[in-house]
Amino acid sequence: MLQDIPKSVDIEFDPDPAQDNDTVLCFDGRKLLSRLQDNKAVLPKLSQLDSSCKLVFAFKADGIRYFLCLEKASADGFSFEPLGSFRYVTADTDQYAIITGYHYYCFHSENKFCAKCGAKLEHSPHKRCMVCTCCGKEVYPTIAPAIILGIIDEDTDSILLTRYAGREYKKYALVAGFIEMGESAEMAAKREAMEETGLDIEDIEFFGTQPWGMAQNLLIGYFAKVRGSREIHRDTEELSEALWVKREDVPAQPGGASLTSEMMWAFRSSQR
Ligand SMILES: [Zn+2]
């Protein structure tokens, strides 16, 4: 999964200023200063930027220190490429960094003023949070927990696959949704199954988790068994398709970077 692509991830905040060979993540909306080379994303080093920019430490992965650029920078040989173009590149440490860096970028672009008193926020020099320059309120990156659910019908040895309606991602997916206030993840799984497909579930079993910075999520994966009727009542606003797919027909391969693909492979290869 995404977090397993780098051999090591060190998320602890490093207050030391950026050095010439540190890697820079410079976003402009859903575009990133980068270039595609041999189906891989290449990111600029600090020494390659055309001018000095305001930077903040993001994280360290495989010994590489990544910094978020808080201004629009430029670098010779690099241009602002749409983030979608990195979705299917060879999975490497930079891909993890781009997706997680985008989470950090969203945090910075959405938190410029204090929601309590309206004064300016500034990044703490000691930790990964913004601090109000007037009342001292601390604001941390938002992480929205969401569930992903593999619903299994043991009678027909099938899993329920879906396609999202109106989204960039067009491949098969699993039932998914945000956890609401006051819900456990298991309650959300049960509710989402009913809302999206009209199916009742039981024996909800934890599979794994994955950070997903593109939507500021923490994804929590479960498998569950369908209970009662197998008839699908699809939520047509959320899903363009929902169908039962036999184990041997599940379009999945090992080593996927996403929790969804890992879960689909786990079912296909009879690990579930
Ligand atoms: Zn304040």
# chains A, B, ... in the order shown; residues from 1 in each chain; ligands from 1
$ residues_near_ligand --ligand "ligand 1" --cutoff "9 Å" --atoms "only C-alpha atoms and all ligand atoms" --output "number ranges by chain"
A: 113-121, 131-138
$ write_last_selection --atoms "N, CA, C and O atoms" --output "PDB file, in the first residue's frame"
ATOM      1  N   PHE A 113      -6.021  31.946   8.327  1.00  0.00           N
ATOM      2  CA  PHE A 113      -6.485  32.810   9.406  1.00  0.00           C
ATOM      3  C   PHE A 113      -7.151  31.974  10.510  1.00  0.00           C
ATOM      4  O   PHE A 113      -7.715  30.909  10.238  1.00  0.00           O
ATOM      5  N   CYS A 114      -7.082  32.473  11.723  1.00  0.00           N
ATOM      6  CA  CYS A 114      -7.630  31.774  12.886  1.00  0.00           C
ATOM      7  C   CYS A 114      -9.164  31.750  12.809  1.00  0.00           C
ATOM      8  O   CYS A 114      -9.796  32.804  12.650  1.00  0.00           O
ATOM      9  N   ALA A 115      -9.749  30.561  12.943  1.00  0.00           N
ATOM     10  CA  ALA A 115     -11.205  30.432  12.881  1.00  0.00           C
ATOM     11  C   ALA A 115     -11.859  30.983  14.145  1.00  0.00           C
ATOM     12  O   ALA A 115     -13.062  31.259  14.166  1.00  0.00           O
ATOM     13  N   LYS A 116     -11.067  31.175  15.216  1.00  0.00           N
ATOM     14  CA  LYS A 116     -11.616  31.651  16.477  1.00  0.00           C
ATOM     15  C   LYS A 116     -11.615  33.181  16.552  1.00  0.00           C
ATOM     16  O   LYS A 116     -12.622  33.790  16.889  1.00  0.00           O
ATOM     17  N   CYS A 117     -10.469  33.796  16.210  1.00  0.00           N
ATOM     18  CA  CYS A 117     -10.384  35.258  16.376  1.00  0.00           C
ATOM     19  C   CYS A 117     -10.114  36.004  15.072  1.00  0.00           C
ATOM     20  O   CYS A 117     -10.141  37.230  15.050  1.00  0.00           O
ATOM     21  N   GLY A 118      -9.812  35.300  14.006  1.00  0.00           N
ATOM     22  CA  GLY A 118      -9.646  35.951  12.704  1.00  0.00           C
ATOM     23  C   GLY A 118      -8.245  36.466  12.420  1.00  0.00           C
ATOM     24  O   GLY A 118      -7.984  36.964  11.327  1.00  0.00           O
ATOM     25  N   ALA A 119      -7.319  36.356  13.382  1.00  0.00           N
ATOM     26  CA  ALA A 119      -5.948  36.855  13.153  1.00  0.00           C
ATOM     27  C   ALA A 119      -5.179  35.886  12.245  1.00  0.00           C
ATOM     28  O   ALA A 119      -5.635  34.778  11.972  1.00  0.00           O
ATOM     29  N   LYS A 120      -3.994  36.306  11.826  1.00  0.00           N
ATOM     30  CA  LYS A 120      -3.190  35.509  10.903  1.00  0.00           C
ATOM     31  C   LYS A 120      -2.618  34.270  11.602  1.00  0.00           C
ATOM     32  O   LYS A 120      -2.241  34.325  12.777  1.00  0.00           O
ATOM     33  N   LEU A 121      -2.555  33.151  10.858  1.00  0.00           N
ATOM     34  CA  LEU A 121      -1.889  31.947  11.370  1.00  0.00           C
ATOM     35  C   LEU A 121      -0.475  31.897  10.806  1.00  0.00           C
ATOM     36  O   LEU A 121      -0.238  32.295   9.674  1.00  0.00           O
ATOM     37  N   VAL A 131      -0.155  28.231  14.144  1.00  0.00           N
ATOM     38  CA  VAL A 131      -0.440  28.862  15.427  1.00  0.00           C
ATOM     39  C   VAL A 131      -0.972  30.271  15.174  1.00  0.00           C
ATOM     40  O   VAL A 131      -0.422  31.002  14.348  1.00  0.00           O
ATOM     41  N   CYS A 132      -2.030  30.632  15.895  1.00  0.00           N
ATOM     42  CA  CYS A 132      -2.603  31.974  15.754  1.00  0.00           C
ATOM     43  C   CYS A 132      -1.657  33.003  16.354  1.00  0.00           C
ATOM     44  O   CYS A 132      -1.189  32.836  17.488  1.00  0.00           O
ATOM     45  N   THR A 133      -1.374  34.079  15.597  1.00  0.00           N
ATOM     46  CA  THR A 133      -0.452  35.117  16.059  1.00  0.00           C
ATOM     47  C   THR A 133      -1.085  35.991  17.143  1.00  0.00           C
ATOM     48  O   THR A 133      -0.402  36.777  17.783  1.00  0.00           O
ATOM     49  N   CYS A 134      -2.402  35.828  17.363  1.00  0.00           N
ATOM     50  CA  CYS A 134      -3.072  36.656  18.378  1.00  0.00           C
ATOM     51  C   CYS A 134      -3.462  35.825  19.604  1.00  0.00           C
ATOM     52  O   CYS A 134      -2.996  36.073  20.703  1.00  0.00           O
ATOM     53  N   CYS A 135      -4.303  34.788  19.408  1.00  0.00           N
ATOM     54  CA  CYS A 135      -4.821  34.055  20.575  1.00  0.00           C
ATOM     55  C   CYS A 135      -4.054  32.760  20.856  1.00  0.00           C
ATOM     56  O   CYS A 135      -4.303  32.094  21.857  1.00  0.00           O
ATOM     57  N   GLY A 136      -3.133  32.372  19.977  1.00  0.00           N
ATOM     58  CA  GLY A 136      -2.302  31.191  20.241  1.00  0.00           C
ATOM     59  C   GLY A 136      -2.969  29.869  19.897  1.00  0.00           C
ATOM     60  O   GLY A 136      -2.389  28.801  20.140  1.00  0.00           O
ATOM     61  N   LYS A 137      -4.179  29.890  19.334  1.00  0.00           N
ATOM     62  CA  LYS A 137      -4.859  28.638  18.956  1.00  0.00           C
ATOM     63  C   LYS A 137      -3.983  27.851  17.977  1.00  0.00           C
ATOM     64  O   LYS A 137      -3.407  28.423  17.054  1.00  0.00           O
ATOM     65  N   GLU A 138      -3.895  26.541  18.220  1.00  0.00           N
ATOM     66  CA  GLU A 138      -3.107  25.671  17.341  1.00  0.00           C
ATOM     67  C   GLU A 138      -4.038  24.918  16.392  1.00  0.00           C
ATOM     68  O   GLU A 138      -5.071  24.413  16.813  1.00  0.00           O
TER      69      GLU A 138
END
$ residues_around --residues "range 230-232 of chain A" --least-positions-apart "3" --cutoff "10 Å" --atoms "only C-alpha atoms" --output "list in words"
Asp153, Leu160, Met194, Glu196, Thr197, Gly198, Leu199, Asp200, Val226, Arg227, Asp235, Ala242, Leu243 and Trp244 of chain A
$ write_last_selection --atoms "N, CA and C atoms" --output "tab-separated table (two decimals), in the first residue's frame"
chain	number	residue	atom	x	y	z
A	153	ASP	N	-20.33	-12.33	-0.69
A	153	ASP	CA	-21.44	-13.30	-0.67
A	153	ASP	C	-20.83	-14.69	-0.72
A	160	LEU	N	-18.76	-7.61	-3.91
A	160	LEU	CA	-19.49	-6.51	-4.52
A	160	LEU	C	-18.51	-5.42	-4.99
A	194	MET	N	-25.66	-0.08	3.38
A	194	MET	CA	-27.11	0.08	3.18
A	194	MET	C	-27.40	1.27	2.26
A	196	GLU	N	-25.44	2.85	-0.02
A	196	GLU	CA	-24.94	2.78	-1.41
A	196	GLU	C	-25.51	1.61	-2.19
A	197	THR	N	-25.83	0.51	-1.49
A	197	THR	CA	-26.22	-0.70	-2.23
A	197	THR	C	-27.50	-1.35	-1.71
A	198	GLY	N	-28.03	-0.87	-0.58
A	198	GLY	CA	-29.24	-1.47	-0.01
A	198	GLY	C	-28.99	-2.83	0.62
A	199	LEU	N	-27.71	-3.17	0.87
A	199	LEU	CA	-27.40	-4.49	1.43
A	199	LEU	C	-27.13	-4.40	2.93
A	200	ASP	N	-27.60	-5.42	3.65
A	200	ASP	CA	-27.32	-5.53	5.08
A	200	ASP	C	-26.08	-6.41	5.23
A	226	VAL	N	-22.53	-10.44	3.41
A	226	VAL	CA	-23.88	-9.93	3.18
A	226	VAL	C	-24.87	-10.77	3.99
A	227	ARG	N	-25.89	-10.09	4.51
A	227	ARG	CA	-26.91	-10.80	5.29
A	227	ARG	C	-28.27	-10.55	4.64
A	235	ASP	N	-27.28	3.34	-5.07
A	235	ASP	CA	-27.44	4.79	-4.93
A	235	ASP	C	-26.91	5.40	-6.23
A	242	ALA	N	-22.84	-1.09	-9.65
A	242	ALA	CA	-22.61	-1.94	-8.47
A	242	ALA	C	-23.03	-3.35	-8.85
A	243	LEU	N	-22.11	-4.30	-8.72
A	243	LEU	CA	-22.42	-5.65	-9.18
A	243	LEU	C	-21.64	-6.69	-8.39
A	244	TRP	N	-22.19	-7.93	-8.34
A	244	TRP	CA	-21.49	-9.05	-7.72
A	244	TRP	C	-20.52	-9.64	-8.74
$ residues_around --residues "range 76-87 of chain A" --least-positions-apart "2" --cutoff "6 Å" --atoms "only C-alpha atoms" --output "count of residues only"
7
$ closest_atom_pairs --of "range 185-230 of chain A" --to "range 91-108 of chain A" --cutoff "6 Å" --atoms "only C-alpha atoms" --output "CSV"
residue,atom,partner,partner_atom,distance
A:Gly213,CA,A:His103,CA,4.4
A:Met214,CA,A:Ile99,CA,5.7
A:Gln216,CA,A:His103,CA,5.4
$ closest_residue --among "A:Lys225, A:Gln19, A:Asp10, A:Leu36" --to "Thr90 in chain A" --atoms "only C-alpha atoms"
A:Leu36
$ residues_around --residues "range 180-189 of chain A" --least-positions-apart "6" --cutoff "8 Å" --atoms "only C-alpha atoms" --output "PyMOL selection string"
chain A and resi 146-149+204+220+222
$ residues_around --residues "Cys53 in chain A" --least-positions-apart "2" --cutoff "7 Å" --atoms "only C-alpha atoms" --output "list of chain:residue names"
A:Ser51, A:Leu55, A:Cys69, A:Glu71, A:Ala73
$ decode --residues "range 102-131 of chain A" --atoms "N, CA, C and O atoms" --output "JSON list (two decimals), in the first residue's frame"
[["chain", "number", "residue", "atom", "x", "y", "z"],
["A", 102, "TYR", "N", 0.59, 16.65, -0.93],
["A", 102, "TYR", "CA", -0.61, 17.37, -1.34],
["A", 102, "TYR", "C", -1.55, 17.59, -0.13],
["A", 102, "TYR", "O", -2.19, 18.64, -0.02],
["A", 103, "HIS", "N", -1.57, 16.62, 0.76],
["A", 103, "HIS", "CA", -2.35, 16.75, 2.00],
["A", 103, "HIS", "C", -1.86, 17.98, 2.78],
["A", 103, "HIS", "O", -2.66, 18.82, 3.24],
["A", 104, "TYR", "N", -0.53, 18.09, 2.88],
["A", 104, "TYR", "CA", 0.08, 19.19, 3.63],
["A", 104, "TYR", "C", -0.19, 20.53, 2.93],
["A", 104, "TYR", "O", -0.45, 21.55, 3.57],
["A", 105, "TYR", "N", -0.14, 20.50, 1.60],
["A", 105, "TYR", "CA", -0.40, 21.71, 0.80],
["A", 105, "TYR", "C", -1.84, 22.19, 1.05],
["A", 105, "TYR", "O", -2.08, 23.39, 1.25],
["A", 106, "CYS", "N", -2.80, 21.25, 1.05],
["A", 106, "CYS", "CA", -4.21, 21.61, 1.29],
["A", 106, "CYS", "C", -4.35, 22.24, 2.67],
["A", 106, "CYS", "O", -5.06, 23.23, 2.85],
["A", 107, "PHE", "N", -3.66, 21.65, 3.65],
["A", 107, "PHE", "CA", -3.70, 22.18, 5.02],
["A", 107, "PHE", "C", -3.25, 23.64, 5.03],
["A", 107, "PHE", "O", -3.90, 24.49, 5.64],
["A", 108, "HIS", "N", -2.16, 23.94, 4.32],
["A", 108, "HIS", "CA", -1.64, 25.31, 4.30],
["A", 108, "HIS", "C", -2.56, 26.25, 3.53],
["A", 108, "HIS", "O", -2.79, 27.38, 3.96],
["A", 109, "SER", "N", -3.10, 25.77, 2.39],
["A", 109, "SER", "CA", -3.94, 26.69, 1.62],
["A", 109, "SER", "C", -5.28, 26.96, 2.29],
["A", 109, "SER", "O", -5.91, 27.97, 2.01],
["A", 110, "GLU", "N", -5.72, 26.04, 3.17],
["A", 110, "GLU", "CA", -7.04, 26.21, 3.78],
["A", 110, "GLU", "C", -6.97, 26.81, 5.19],
["A", 110, "GLU", "O", -7.99, 26.97, 5.85],
["A", 111, "ASN", "N", -5.76, 27.05, 5.69],
["A", 111, "ASN", "CA", -5.63, 27.56, 7.06],
["A", 111, "ASN", "C", -4.68, 28.76, 7.10],
["A", 111, "ASN", "O", -3.53, 28.65, 7.51],
["A", 112, "LYS", "N", -5.21, 29.90, 6.70],
["A", 112, "LYS", "CA", -4.39, 31.11, 6.70],
["A", 112, "LYS", "C", -4.76, 32.05, 7.85],
["A", 112, "LYS", "O", -3.95, 32.84, 8.29],
["A", 113, "PHE", "N", -6.02, 31.95, 8.33],
["A", 113, "PHE", "CA", -6.48, 32.81, 9.41],
["A", 113, "PHE", "C", -7.15, 31.97, 10.51],
["A", 113, "PHE", "O", -7.72, 30.91, 10.24],
["A", 114, "CYS", "N", -7.08, 32.47, 11.72],
["A", 114, "CYS", "CA", -7.63, 31.77, 12.89],
["A", 114, "CYS", "C", -9.16, 31.75, 12.81],
["A", 114, "CYS", "O", -9.80, 32.80, 12.65],
["A", 115, "ALA", "N", -9.75, 30.56, 12.94],
["A", 115, "ALA", "CA", -11.20, 30.43, 12.88],
["A", 115, "ALA", "C", -11.86, 30.98, 14.14],
["A", 115, "ALA", "O", -13.06, 31.26, 14.17],
["A", 116, "LYS", "N", -11.07, 31.17, 15.22],
["A", 116, "LYS", "CA", -11.62, 31.65, 16.48],
["A", 116, "LYS", "C", -11.61, 33.18, 16.55],
["A", 116, "LYS", "O", -12.62, 33.79, 16.89],
["A", 117, "CYS", "N", -10.47, 33.80, 16.21],
["A", 117, "CYS", "CA", -10.38, 35.26, 16.38],
["A", 117, "CYS", "C", -10.11, 36.00, 15.07],
["A", 117, "CYS", "O", -10.14, 37.23, 15.05],
["A", 118, "GLY", "N", -9.81, 35.30, 14.01],
["A", 118, "GLY", "CA", -9.65, 35.95, 12.70],
["A", 118, "GLY", "C", -8.24, 36.47, 12.42],
["A", 118, "GLY", "O", -7.98, 36.96, 11.33],
["A", 119, "ALA", "N", -7.32, 36.36, 13.38],
["A", 119, "ALA", "CA", -5.95, 36.85, 13.15],
["A", 119, "ALA", "C", -5.18, 35.89, 12.24],
["A", 119, "ALA", "O", -5.63, 34.78, 11.97],
["A", 120, "LYS", "N", -3.99, 36.31, 11.83],
["A", 120, "LYS", "CA", -3.19, 35.51, 10.90],
["A", 120, "LYS", "C", -2.62, 34.27, 11.60],
["A", 120, "LYS", "O", -2.24, 34.33, 12.78],
["A", 121, "LEU", "N", -2.55, 33.15, 10.86],
["A", 121, "LEU", "CA", -1.89, 31.95, 11.37],
["A", 121, "LEU", "C", -0.47, 31.90, 10.81],
["A", 121, "LEU", "O", -0.24, 32.30, 9.67],
["A", 122, "GLU", "N", 0.44, 31.36, 11.63],
["A", 122, "GLU", "CA", 1.81, 31.14, 11.16],
["A", 122, "GLU", "C", 2.24, 29.74, 11.51],
["A", 122, "GLU", "O", 1.79, 29.19, 12.52],
["A", 123, "HIS", "N", 3.13, 29.15, 10.71],
["A", 123, "HIS", "CA", 3.56, 27.79, 11.01],
["A", 123, "HIS", "C", 4.43, 27.78, 12.26],
["A", 123, "HIS", "O", 5.31, 28.62, 12.42],
["A", 124, "SER", "N", 4.16, 26.84, 13.14],
["A", 124, "SER", "CA", 4.99, 26.68, 14.34],
["A", 124, "SER", "C", 6.41, 26.30, 13.93],
["A", 124, "SER", "O", 6.58, 25.49, 13.02],
["A", 125, "PRO", "N", 7.41, 26.87, 14.59],
["A", 125, "PRO", "CA", 8.79, 26.47, 14.26],
["A", 125, "PRO", "C", 9.16, 25.11, 14.83],
["A", 125, "PRO", "O", 10.20, 24.55, 14.49],
["A", 126, "HIS", "N", 8.30, 24.55, 15.70],
["A", 126, "HIS", "CA", 8.65, 23.33, 16.43],
["A", 126, "HIS", "C", 7.87, 22.10, 16.01],
["A", 126, "HIS", "O", 8.32, 20.98, 16.21],
["A", 127, "LYS", "N", 6.67, 22.27, 15.48],
["A", 127, "LYS", "CA", 5.83, 21.10, 15.16],
["A", 127, "LYS", "C", 4.95, 21.39, 13.96],
["A", 127, "LYS", "O", 4.82, 22.54, 13.52],
["A", 128, "ARG", "N", 4.31, 20.30, 13.46],
["A", 128, "ARG", "CA", 3.53, 20.42, 12.23],
["A", 128, "ARG", "C", 2.14, 20.96, 12.55],
["A", 128, "ARG", "O", 1.14, 20.24, 12.59],
["A", 129, "CYS", "N", 2.08, 22.27, 12.83],
["A", 129, "CYS", "CA", 0.78, 22.90, 13.07],
["A", 129, "CYS", "C", 0.91, 24.39, 12.81],
["A", 129, "CYS", "O", 2.00, 24.94, 12.77],
["A", 130, "MET", "N", -0.25, 25.02, 12.62],
["A", 130, "MET", "CA", -0.30, 26.47, 12.47],
["A", 130, "MET", "C", -0.70, 27.05, 13.83],
["A", 130, "MET", "O", -1.49, 26.44, 14.55],
["A", 131, "VAL", "N", -0.16, 28.23, 14.14],
["A", 131, "VAL", "CA", -0.44, 28.86, 15.43],
["A", 131, "VAL", "C", -0.97, 30.27, 15.17],
["A", 131, "VAL", "O", -0.42, 31.00, 14.35]]
